[in-house]
>>> print(open('entry03.cif').read())   # mmCIF, C-alpha atoms
data_run
loop_
_atom_site.label_atom_id
_atom_site.label_comp_id
_atom_site.auth_asym_id
_atom_site.auth_seq_id
_atom_site.Cartn_x
_atom_site.Cartn_y
_atom_site.Cartn_z
CA ALA U 1076 33.17 22.34 29.21
CA GLN U 1077 34.09 19.81 26.59
CA SER U 1078 32.59 16.49 27.49
CA VAL U 1079 31.38 13.13 26.27
CA ALA U 1080 28.52 10.95 27.35
CA GLN U 1081 28.06 7.21 27.07
CA PRO U 1082 24.32 6.63 27.39
CA GLU U 1083 24.53 2.88 28.01
CA ASP U 1084 26.10 1.37 31.10
CA GLN U 1085 26.02 -2.11 29.58
CA VAL U 1086 25.77 -3.68 26.16
CA ASN U 1087 25.14 -7.39 25.72
CA VAL U 1088 25.48 -9.12 22.37
CA ALA U 1089 25.87 -12.65 21.07
CA GLU U 1090 29.14 -13.67 19.48
CA GLY U 1091 29.06 -13.06 15.74
CA ASN U 1092 26.51 -10.25 15.99
CA PRO U 1093 27.30 -6.58 15.34
CA LEU U 1094 28.49 -4.57 18.31
CA THR U 1095 27.80 -0.87 18.81
CA VAL U 1096 28.92 1.23 21.76
CA LYS U 1097 27.47 4.73 21.81
CA CYS U 1098 29.15 8.03 22.53
CA THR U 1099 27.89 11.58 22.16
CA TYR U 1100 29.84 14.78 22.63
CA SER U 1101 29.01 18.35 23.54
CA VAL U 1102 29.09 20.86 20.72
CA SER U 1103 31.57 23.38 22.15
CA GLY U 1104 35.24 23.13 21.19
CA ASN U 1105 37.14 20.88 18.83
CA PRO U 1106 35.80 17.33 18.62
CA TYR U 1107 39.02 15.42 19.07
CA LEU U 1108 37.57 12.05 20.04
CA PHE U 1109 39.08 8.79 21.19
CA TRP U 1110 38.03 5.26 22.13
CA TYR U 1111 39.89 3.21 24.71
CA VAL U 1112 39.29 -0.32 25.99
CA GLN U 1113 40.03 -1.72 29.42
CA TYR U 1114 40.28 -5.45 30.03
CA PRO U 1115 39.86 -6.73 33.60
CA ASN U 1116 42.65 -5.64 35.96
CA ARG U 1117 44.51 -3.85 33.17
CA GLY U 1118 45.22 -0.30 32.14
CA LEU U 1119 43.43 1.34 29.22
CA GLN U 1120 44.46 0.59 25.66
CA PHE U 1121 43.96 2.93 22.73
CA LEU U 1122 41.59 1.74 19.98
CA LEU U 1123 41.16 4.68 17.61
CA LYS U 1124 40.79 8.43 17.29
CA TYR U 1125 39.10 11.07 15.19
CA ILE U 1126 40.95 14.33 14.68
CA THR U 1127 39.86 15.45 11.23
CA GLY U 1128 39.20 14.01 7.79
CA ASP U 1129 37.22 10.87 7.02
CA ASN U 1130 34.20 10.38 9.23
CA LEU U 1131 34.80 6.63 9.37
CA VAL U 1132 37.84 5.80 11.45
CA LYS U 1133 39.35 2.33 11.56
CA GLY U 1134 41.24 1.12 14.60
CA SER U 1135 42.69 -1.86 16.39
CA TYR U 1136 41.13 -5.34 16.72
CA GLY U 1137 38.64 -4.78 13.88
CA PHE U 1138 36.90 -1.81 15.53
CA GLU U 1139 35.77 1.29 13.70
CA ALA U 1140 33.92 4.44 14.68
CA GLU U 1141 31.81 6.90 12.79
CA PHE U 1142 32.02 10.61 13.49
CA ASN U 1143 28.61 12.20 12.93
CA LYS U 1144 28.66 15.97 13.27
CA SER U 1145 24.92 16.48 12.85
CA GLN U 1146 24.14 14.03 15.64
CA THR U 1147 27.27 14.93 17.70
CA SER U 1148 28.04 11.24 18.00
CA PHE U 1149 31.08 9.00 17.74
CA HIS U 1150 29.79 5.45 18.05
CA LEU U 1151 32.18 2.51 18.19
CA LYS U 1152 31.32 -0.46 16.02
CA LYS U 1153 32.46 -3.94 15.20
CA PRO U 1154 30.71 -5.99 12.51
CA SER U 1155 31.11 -9.35 14.26
CA ALA U 1156 31.76 -9.42 18.00
CA LEU U 1157 34.00 -11.95 19.72
CA VAL U 1158 33.81 -13.23 23.28
CA SER U 1159 37.27 -11.71 23.76
CA ASP U 1160 35.77 -8.24 23.07
CA SER U 1161 34.11 -8.38 26.49
CA ALA U 1162 35.60 -5.42 28.33
CA LEU U 1163 34.97 -1.87 29.55
CA TYR U 1164 34.97 0.74 26.78
CA PHE U 1165 35.61 4.44 27.26
CA CYS U 1166 34.95 7.33 24.94
CA ALA U 1167 37.19 10.35 25.54
CA ARG U 1168 37.60 13.84 24.22
CA GLY U 1169 40.30 16.47 24.29
CA ASP U 1170 43.67 17.45 23.02
CA TYR U 1171 46.52 16.98 25.49
CA LYS U 1172 44.04 16.58 28.39
CA LEU U 1173 41.33 13.99 28.02
CA SER U 1174 37.84 13.93 29.50
CA PHE U 1175 36.45 10.43 29.72
CA GLY U 1176 32.92 9.14 29.61
CA ALA U 1177 31.68 6.91 32.42
CA GLY U 1178 32.32 3.76 30.43
CA THR U 1179 30.23 1.00 28.88
CA THR U 1180 30.62 -2.61 29.91
CA VAL U 1181 30.40 -4.90 26.91
CA THR U 1182 29.56 -8.56 27.39
CA VAL U 1183 29.71 -10.88 24.40
CA ARG U 1184 28.09 -14.24 25.08
CA ALA U 1185 29.16 -17.38 23.29
CA ASN A 306 60.53 -1.82 26.32
CA ALA A 307 58.26 -1.98 29.39
CA GLY A 308 56.03 0.99 28.45
CA VAL A 309 54.48 2.58 31.54
CA THR A 310 55.17 0.94 34.88
CA GLN A 311 53.56 1.69 38.23
CA THR A 312 54.41 0.69 41.78
CA PRO A 313 52.94 -0.58 43.99
CA LYS A 314 50.13 -2.65 42.44
CA PHE A 315 48.11 -2.73 45.65
CA GLN A 316 48.20 -0.68 48.83
CA VAL A 317 46.11 -0.42 51.98
CA LEU A 318 46.47 2.72 54.09
CA LYS A 319 44.90 3.93 57.28
CA THR A 320 43.29 7.36 57.33
CA GLY A 321 45.95 10.00 57.78
CA GLN A 322 48.86 7.96 56.48
CA SER A 323 50.92 9.17 53.55
CA MET A 324 52.30 7.40 50.54
CA THR A 325 53.80 7.99 47.12
CA LEU A 326 52.73 6.21 43.95
CA GLN A 327 55.53 5.81 41.46
CA CYS A 328 55.27 5.91 37.68
CA ALA A 329 57.94 5.56 35.01
CA GLN A 330 57.88 5.38 31.21
CA ASP A 331 60.60 4.32 28.82
CA MET A 332 59.11 5.67 25.58
CA ASN A 333 60.78 9.08 25.74
CA HIS A 334 57.39 10.73 26.08
CA ASN A 335 57.16 14.35 27.12
CA SER A 336 53.76 14.39 28.80
CA MET A 337 52.62 12.34 31.78
CA TYR A 338 49.33 12.10 33.65
CA TRP A 339 47.75 10.77 36.82
CA TYR A 340 44.12 9.64 36.78
CA ARG A 341 41.83 8.02 39.26
CA GLN A 342 39.12 5.55 38.25
CA ASP A 343 35.98 5.15 40.29
CA PRO A 344 32.96 3.00 39.39
CA GLY A 345 30.48 4.79 37.15
CA MET A 346 32.67 7.88 36.84
CA GLY A 347 35.20 6.97 34.20
CA LEU A 348 38.69 8.33 34.62
CA ARG A 349 39.27 11.74 36.14
CA LEU A 350 42.49 13.66 35.71
CA ILE A 351 44.29 14.48 38.96
CA TYR A 352 47.47 16.17 37.72
CA TYR A 353 49.47 16.24 34.54
CA SER A 354 52.92 17.25 33.41
CA ALA A 355 53.10 18.59 29.87
CA SER A 356 56.88 18.40 29.89
CA GLU A 357 59.78 17.88 32.26
CA GLY A 358 59.78 20.60 34.89
CA THR A 359 56.11 21.52 34.62
CA THR A 360 53.04 20.26 36.43
CA ASP A 361 49.42 21.42 36.38
CA LYS A 362 46.21 20.57 38.17
CA GLY A 363 43.56 18.48 36.55
CA GLU A 364 39.93 17.98 37.45
CA VAL A 365 40.38 16.53 40.98
CA PRO A 366 43.73 17.70 42.47
CA ASN A 367 42.68 18.23 46.09
CA GLY A 368 44.56 15.99 48.53
CA TYR A 369 47.32 15.14 46.06
CA ASN A 370 50.73 16.44 45.07
CA VAL A 371 52.96 15.45 42.20
CA SER A 372 56.61 15.56 41.25
CA ARG A 373 58.04 15.27 37.75
CA LEU A 374 61.37 13.90 38.86
CA ASN A 375 62.83 13.71 35.35
CA LYS A 376 61.55 12.96 31.89
CA ARG A 377 60.88 9.32 32.78
CA GLU A 378 59.30 9.55 36.21
CA PHE A 379 56.15 11.18 37.57
CA SER A 380 55.11 10.48 41.16
CA LEU A 381 51.82 11.08 42.97
CA ARG A 382 51.81 11.73 46.70
CA LEU A 383 48.97 11.50 49.18
CA GLU A 384 50.03 13.49 52.22
CA SER A 385 47.16 12.49 54.51
CA ALA A 386 45.04 9.74 53.03
CA ALA A 387 41.26 9.83 53.34
CA PRO A 388 38.67 7.10 52.62
CA SER A 389 37.45 9.22 49.67
CA GLN A 390 40.81 8.54 48.02
CA THR A 391 40.07 4.83 47.80
CA SER A 392 40.34 4.26 44.07
CA VAL A 393 42.35 2.77 41.26
CA TYR A 394 45.10 5.10 40.11
CA PHE A 395 46.48 5.10 36.57
CA CYS A 396 49.52 6.80 35.20
CA ALA A 397 49.71 7.57 31.48
CA SER A 398 52.12 9.15 29.06
CA THR A 399 52.07 10.55 25.55
CA ARG A 400 54.16 12.42 23.04
CA GLN A 401 53.45 16.10 23.21
CA GLY A 402 51.59 18.26 20.76
CA ASP A 403 50.37 15.83 18.12
CA LEU A 404 47.15 14.47 19.62
CA SER A 405 48.71 11.06 19.87
CA GLU A 406 47.22 8.38 22.05
CA GLN A 407 47.99 8.02 25.73
CA TYR A 408 49.71 4.89 27.02
CA PHE A 409 48.52 3.65 30.38
CA GLY A 410 50.19 1.77 33.18
CA PRO A 411 48.58 -1.26 34.85
CA GLY A 412 47.21 0.74 37.77
CA THR A 413 47.52 0.88 41.55
CA ARG A 414 44.55 -0.24 43.64
CA LEU A 415 44.50 1.87 46.81
CA THR A 416 42.23 1.27 49.78
CA VAL A 417 42.08 3.77 52.63
CA THR A 418 40.41 2.48 55.80
#
>>> encode(input="entry03.cif", output="structure tokens")
Amino acid sequence: AQSVAQPEDQVNVAEGNPLTVKCTYSVSGNPYLFWYVQYPNRGLQFLLKYITGDNLVKGSYGFEAEFNKSQTSFHLKKPSALVSDSALYFCARGDYKLSFGAGTTVTVRA
Amino acid sequence: NAGVTQTPKFQVLKTGQSMTLQCAQDMNHNSMYWYRQDPGMGLRLIYYSASEGTTDKGEVPNGYNVSRLNKREFSLRLESAAPSQTSVYFCASTRQGDLSEQYFGPGTRLTVT
């Protein structure tokens, strides 16, 4: 089955430092990959997606992700984290049906 | 343009009671989805509707039924609630066929005692 894994339950960074949230995917099937963010008591919001083409994908709020076929990874990155980036981040995979990772809680301390 | 709306926001049920969660979207999307979110498990797909008039099971359909009432509305029904159905439920919608992003509602927090 097509799936994704988020190996870290939590990521803690200081404001202004780089932020990375990891995601790996299983090899079988097409790697249509997505990142979503969930702020407290809210629904999920789309950040970015990789379908095909450039391995570096730019998205909302200054986030980007790098698709790495050899490492089967799709890590989310932000060069300089803000306190307001503190949220729950989900990696997802699929076409019209998405399979979500378990989520990574990001805390950015001032 | 309200996007995806869900009612109610909160609900407490006793075991065995029934209820319907309502979802509506005003973006003229073809596809709609129901997910449940549980701690440490991400979101799991319960049912989806690829287009008006069609519905299909997702990963965790047992104990649920759905109705695609029209293009705008997609409801989720719990016929006989169980404590294992305590969860946060999200409705989502998307255009069909172009791998576009899903738009999510604000969620319904359901507790079954």
>>> closest_residue(input="entry03.cif", among="A:Thr325, A:Gln390, A:Gln401, A:Asn335", to="chain U", atoms="all atoms listed in the file")
A:Gln401
>>> closest_residue(input="entry03.cif", among="U:Tyr1125, U:Phe1149, U:Tyr1136, U:Phe1175", to="chain A", atoms="all atoms listed in the file")
U:Phe1175
>>> resolve_selection(input="entry03.cif", expression="the PyMOL selection byres ((chain U) within 7 of (chain A))", output="PyMOL selection string")
chain U and resi 1117-1121+1170-1171+1175-1178
>>> closest_residue(input="entry03.cif", among="U:Arg1184, U:Lys1152, U:Lys1133, U:Arg1168", to="Val1079 in chain U", atoms="all atoms listed in the file")
U:Arg1168
>>> resolve_selection(input="entry03.cif", expression="the PyMOL selection byres ((chain U and resi 1084) around 8)", output="list in words")
Gln1081, Pro1082, Glu1083, Gln1085, Val1086, Ala1177, Gly1178, Thr1179 and Thr1180 of chain U
>>> closest_residue(input="entry03.cif", among="U:Asn1092, U:Asn1105, U:Asn1143, U:Asn1087", to="Val1183 in chain U", atoms="all atoms listed in the file")
U:Asn1087
>>> residues_near_point(input="entry03.cif", point="(39.5, -0.6, 14.7)", cutoff="12 Å", atoms="all atoms listed in the file", output="mmCIF file with C-alpha atoms, in the coordinates of the input")
data_model
loop_
_atom_site.group_PDB
_atom_site.id
_atom_site.type_symbol
_atom_site.label_atom_id
_atom_site.label_comp_id
_atom_site.auth_asym_id
_atom_site.auth_seq_id
_atom_site.Cartn_x
_atom_site.Cartn_y
_atom_site.Cartn_z
ATOM 1 C CA PHE U 1109 39.080 8.790 21.190
ATOM 2 C CA TRP U 1110 38.030 5.260 22.130
ATOM 3 C CA TYR U 1111 39.890 3.210 24.710
ATOM 4 C CA VAL U 1112 39.290 -0.320 25.990
ATOM 5 C CA PHE U 1121 43.960 2.930 22.730
ATOM 6 C CA LEU U 1122 41.590 1.740 19.980
ATOM 7 C CA LEU U 1123 41.160 4.680 17.610
ATOM 8 C CA LYS U 1124 40.790 8.430 17.290
ATOM 9 C CA TYR U 1125 39.100 11.070 15.190
ATOM 10 C CA LEU U 1131 34.800 6.630 9.370
ATOM 11 C CA VAL U 1132 37.840 5.800 11.450
ATOM 12 C CA LYS U 1133 39.350 2.330 11.560
ATOM 13 C CA GLY U 1134 41.240 1.120 14.600
ATOM 14 C CA SER U 1135 42.690 -1.860 16.390
ATOM 15 C CA TYR U 1136 41.130 -5.340 16.720
ATOM 16 C CA GLY U 1137 38.640 -4.780 13.880
ATOM 17 C CA PHE U 1138 36.900 -1.810 15.530
ATOM 18 C CA GLU U 1139 35.770 1.290 13.700
ATOM 19 C CA ALA U 1140 33.920 4.440 14.680
ATOM 20 C CA GLU U 1141 31.810 6.900 12.790
ATOM 21 C CA HIS U 1150 29.790 5.450 18.050
ATOM 22 C CA LEU U 1151 32.180 2.510 18.190
ATOM 23 C CA LYS U 1152 31.320 -0.460 16.020
ATOM 24 C CA LYS U 1153 32.460 -3.940 15.200
ATOM 25 C CA PRO U 1154 30.710 -5.990 12.510
ATOM 26 C CA ASP U 1160 35.770 -8.240 23.070
#
>>> atom_distance(input="entry03.cif", atom1="CA of Phe315 in chain A", atom2="CA of Thr416 in chain A")
8.2 Å
>>> closest_residue(input="entry03.cif", among="A:Met332, A:Val371, A:Ala386, A:Leu381", to="Leu318 in chain A", atoms="all atoms listed in the file")
A:Ala386
>>> resolve_selection(input="entry03.cif", expression="the PyMOL selection byres ((chain A and resi 312) around 9)", output="ChimeraX atom specification")
/A:310-311,313-315,326-328,412-413
>>> closest_residue(input="entry03.cif", among="A:Ser372, A:Ser392, A:Ser398, A:Thr320", to="Asn333 in chain A", atoms="only C-alpha atoms")
A:Ser398
>>> atom_distance(input="entry03.cif", atom1="CA of Tyr340 in chain A", atom2="CA of Leu1173 in chain U")
10.2 Å
>>> residues_around(input="entry03.cif", residues="Thr1099 in chain U", least_positions_apart="6", cutoff="6 Å", atoms="all atoms listed in the file", output="PDB file with C-alpha atoms, in the coordinates of the input")
ATOM      1  CA  VAL U1079      31.380  13.130  26.270  1.00  0.00           C
ATOM      2  CA  ALA U1080      28.520  10.950  27.350  1.00  0.00           C
ATOM      3  CA  THR U1147      27.270  14.930  17.700  1.00  0.00           C
ATOM      4  CA  SER U1148      28.040  11.240  18.000  1.00  0.00           C
TER       5      SER U1148
END
>>> residues_near_point(input="entry03.cif", point="(40.5, 19.7, 12.3)", cutoff="10 Å", atoms="all atoms listed in the file", output="compact mmCIF listing (two decimals) with C-alpha atoms, keeping the file's coordinate frame")
# COMPACT_ATOMS: atom_id res chain seq x y z
CA ASN U 1105 37.14 20.88 18.83
CA PRO U 1106 35.80 17.33 18.62
CA TYR U 1107 39.02 15.42 19.07
CA TYR U 1125 39.10 11.07 15.19
CA ILE U 1126 40.95 14.33 14.68
CA THR U 1127 39.86 15.45 11.23
CA GLY U 1128 39.20 14.01 7.79
>>> atom_distance(input="entry03.cif", atom1="CA of Ser389 in chain A", atom2="CA of Lys362 in chain A")
18.4 Å
>>> residues_around(input="entry03.cif", residues="Asn370 in chain A", least_positions_apart="6", cutoff="8 Å", atoms="only C-alpha atoms", output="PyMOL selection string")
chain A and resi 381-384
>>> build_atoms(input="entry03.cif", residues="range 389-400 of chain A", atoms="all heavy atoms", output="JSON list (two decimals), in the frame of the given file")
[["chain", "number", "residue", "atom", "x", "y", "z"],
["A", 389, "SER", "N", 37.92, 8.78, 51.00],
["A", 389, "SER", "CA", 37.45, 9.22, 49.67],
["A", 389, "SER", "C", 38.51, 9.03, 48.59],
["A", 389, "SER", "O", 38.21, 9.15, 47.40],
["A", 389, "SER", "CB", 37.03, 10.69, 49.72],
["A", 389, "SER", "OG", 38.13, 11.50, 50.09],
["A", 390, "GLN", "N", 39.74, 8.77, 48.99],
["A", 390, "GLN", "CA", 40.81, 8.54, 48.02],
["A", 390, "GLN", "C", 40.98, 7.06, 47.68],
["A", 390, "GLN", "O", 41.87, 6.70, 46.91],
["A", 390, "GLN", "CB", 42.13, 9.13, 48.54],
["A", 390, "GLN", "CG", 42.07, 10.65, 48.65],
["A", 390, "GLN", "CD", 43.34, 11.25, 49.19],
["A", 390, "GLN", "OE1", 43.80, 10.88, 50.29],
["A", 390, "GLN", "NE2", 43.92, 12.18, 48.46],
["A", 391, "THR", "N", 40.11, 6.23, 48.22],
["A", 391, "THR", "CA", 40.07, 4.83, 47.80],
["A", 391, "THR", "C", 39.68, 4.79, 46.34],
["A", 391, "THR", "O", 38.62, 5.30, 45.95],
["A", 391, "THR", "CB", 39.05, 4.04, 48.65],
["A", 391, "THR", "OG1", 39.52, 3.97, 50.00],
["A", 391, "THR", "CG2", 38.87, 2.63, 48.09],
["A", 392, "SER", "N", 40.55, 4.19, 45.51],
["A", 392, "SER", "CA", 40.34, 4.26, 44.07],
["A", 392, "SER", "C", 41.40, 3.41, 43.38],
["A", 392, "SER", "O", 42.29, 2.85, 44.02],
["A", 392, "SER", "CB", 40.43, 5.71, 43.60],
["A", 392, "SER", "OG", 40.08, 5.84, 42.24],
["A", 393, "VAL", "N", 41.28, 3.34, 42.08],
["A", 393, "VAL", "CA", 42.35, 2.77, 41.26],
["A", 393, "VAL", "C", 43.03, 3.93, 40.54],
["A", 393, "VAL", "O", 42.35, 4.74, 39.89],
["A", 393, "VAL", "CB", 41.83, 1.74, 40.25],
["A", 393, "VAL", "CG1", 42.99, 1.16, 39.45],
["A", 393, "VAL", "CG2", 41.07, 0.63, 40.96],
["A", 394, "TYR", "N", 44.34, 3.99, 40.66],
["A", 394, "TYR", "CA", 45.10, 5.10, 40.11],
["A", 394, "TYR", "C", 45.89, 4.64, 38.88],
["A", 394, "TYR", "O", 46.58, 3.63, 38.92],
["A", 394, "TYR", "CB", 46.05, 5.67, 41.16],
["A", 394, "TYR", "CG", 45.31, 6.36, 42.28],
["A", 394, "TYR", "CD1", 44.81, 5.65, 43.36],
["A", 394, "TYR", "CD2", 45.09, 7.73, 42.24],
["A", 394, "TYR", "CE1", 44.10, 6.27, 44.38],
["A", 394, "TYR", "CE2", 44.39, 8.38, 43.25],
["A", 394, "TYR", "CZ", 43.90, 7.63, 44.31],
["A", 394, "TYR", "OH", 43.19, 8.26, 45.31],
["A", 395, "PHE", "N", 45.77, 5.41, 37.81],
["A", 395, "PHE", "CA", 46.48, 5.10, 36.57],
["A", 395, "PHE", "C", 47.40, 6.25, 36.20],
["A", 395, "PHE", "O", 47.02, 7.42, 36.25],
["A", 395, "PHE", "CB", 45.50, 4.86, 35.43],
["A", 395, "PHE", "CG", 44.75, 3.57, 35.54],
["A", 395, "PHE", "CD1", 43.45, 3.54, 36.02],
["A", 395, "PHE", "CD2", 45.34, 2.37, 35.15],
["A", 395, "PHE", "CE1", 42.76, 2.35, 36.14],
["A", 395, "PHE", "CE2", 44.65, 1.18, 35.26],
["A", 395, "PHE", "CZ", 43.36, 1.16, 35.76],
["A", 396, "CYS", "N", 48.58, 5.86, 35.79],
["A", 396, "CYS", "CA", 49.52, 6.80, 35.20],
["A", 396, "CYS", "C", 49.49, 6.60, 33.69],
["A", 396, "CYS", "O", 49.27, 5.47, 33.21],
["A", 396, "CYS", "CB", 50.92, 6.51, 35.75],
["A", 396, "CYS", "SG", 52.22, 7.54, 35.07],
["A", 397, "ALA", "N", 49.69, 7.66, 32.94],
["A", 397, "ALA", "CA", 49.71, 7.57, 31.48],
["A", 397, "ALA", "C", 50.76, 8.52, 30.93],
["A", 397, "ALA", "O", 51.17, 9.47, 31.61],
["A", 397, "ALA", "CB", 48.33, 7.89, 30.89],
["A", 398, "SER", "N", 51.17, 8.27, 29.71],
["A", 398, "SER", "CA", 52.12, 9.15, 29.06],
["A", 398, "SER", "C", 51.79, 9.28, 27.59],
["A", 398, "SER", "O", 51.10, 8.43, 27.01],
["A", 398, "SER", "CB", 53.56, 8.65, 29.24],
["A", 398, "SER", "OG", 53.79, 7.48, 28.46],
["A", 399, "THR", "N", 52.28, 10.34, 26.97],
["A", 399, "THR", "CA", 52.07, 10.55, 25.55],
["A", 399, "THR", "C", 53.14, 11.48, 25.00],
["A", 399, "THR", "O", 53.75, 12.25, 25.75],
["A", 399, "THR", "CB", 50.67, 11.15, 25.28],
["A", 399, "THR", "OG1", 50.40, 11.17, 23.89],
["A", 399, "THR", "CG2", 50.56, 12.57, 25.80],
["A", 400, "ARG", "N", 53.35, 11.40, 23.70],
["A", 400, "ARG", "CA", 54.16, 12.42, 23.04],
["A", 400, "ARG", "C", 53.40, 13.73, 23.17],
["A", 400, "ARG", "O", 52.19, 13.76, 23.39],
["A", 400, "ARG", "CB", 54.36, 12.07, 21.57],
["A", 400, "ARG", "CG", 55.15, 10.83, 21.32],
["A", 400, "ARG", "CD", 55.57, 10.77, 19.87],
["A", 400, "ARG", "NE", 54.47, 10.95, 18.95],
["A", 400, "ARG", "CZ", 53.89, 9.94, 18.29],
["A", 400, "ARG", "NH1", 54.27, 8.70, 18.49],
["A", 400, "ARG", "NH2", 52.92, 10.19, 17.46]]
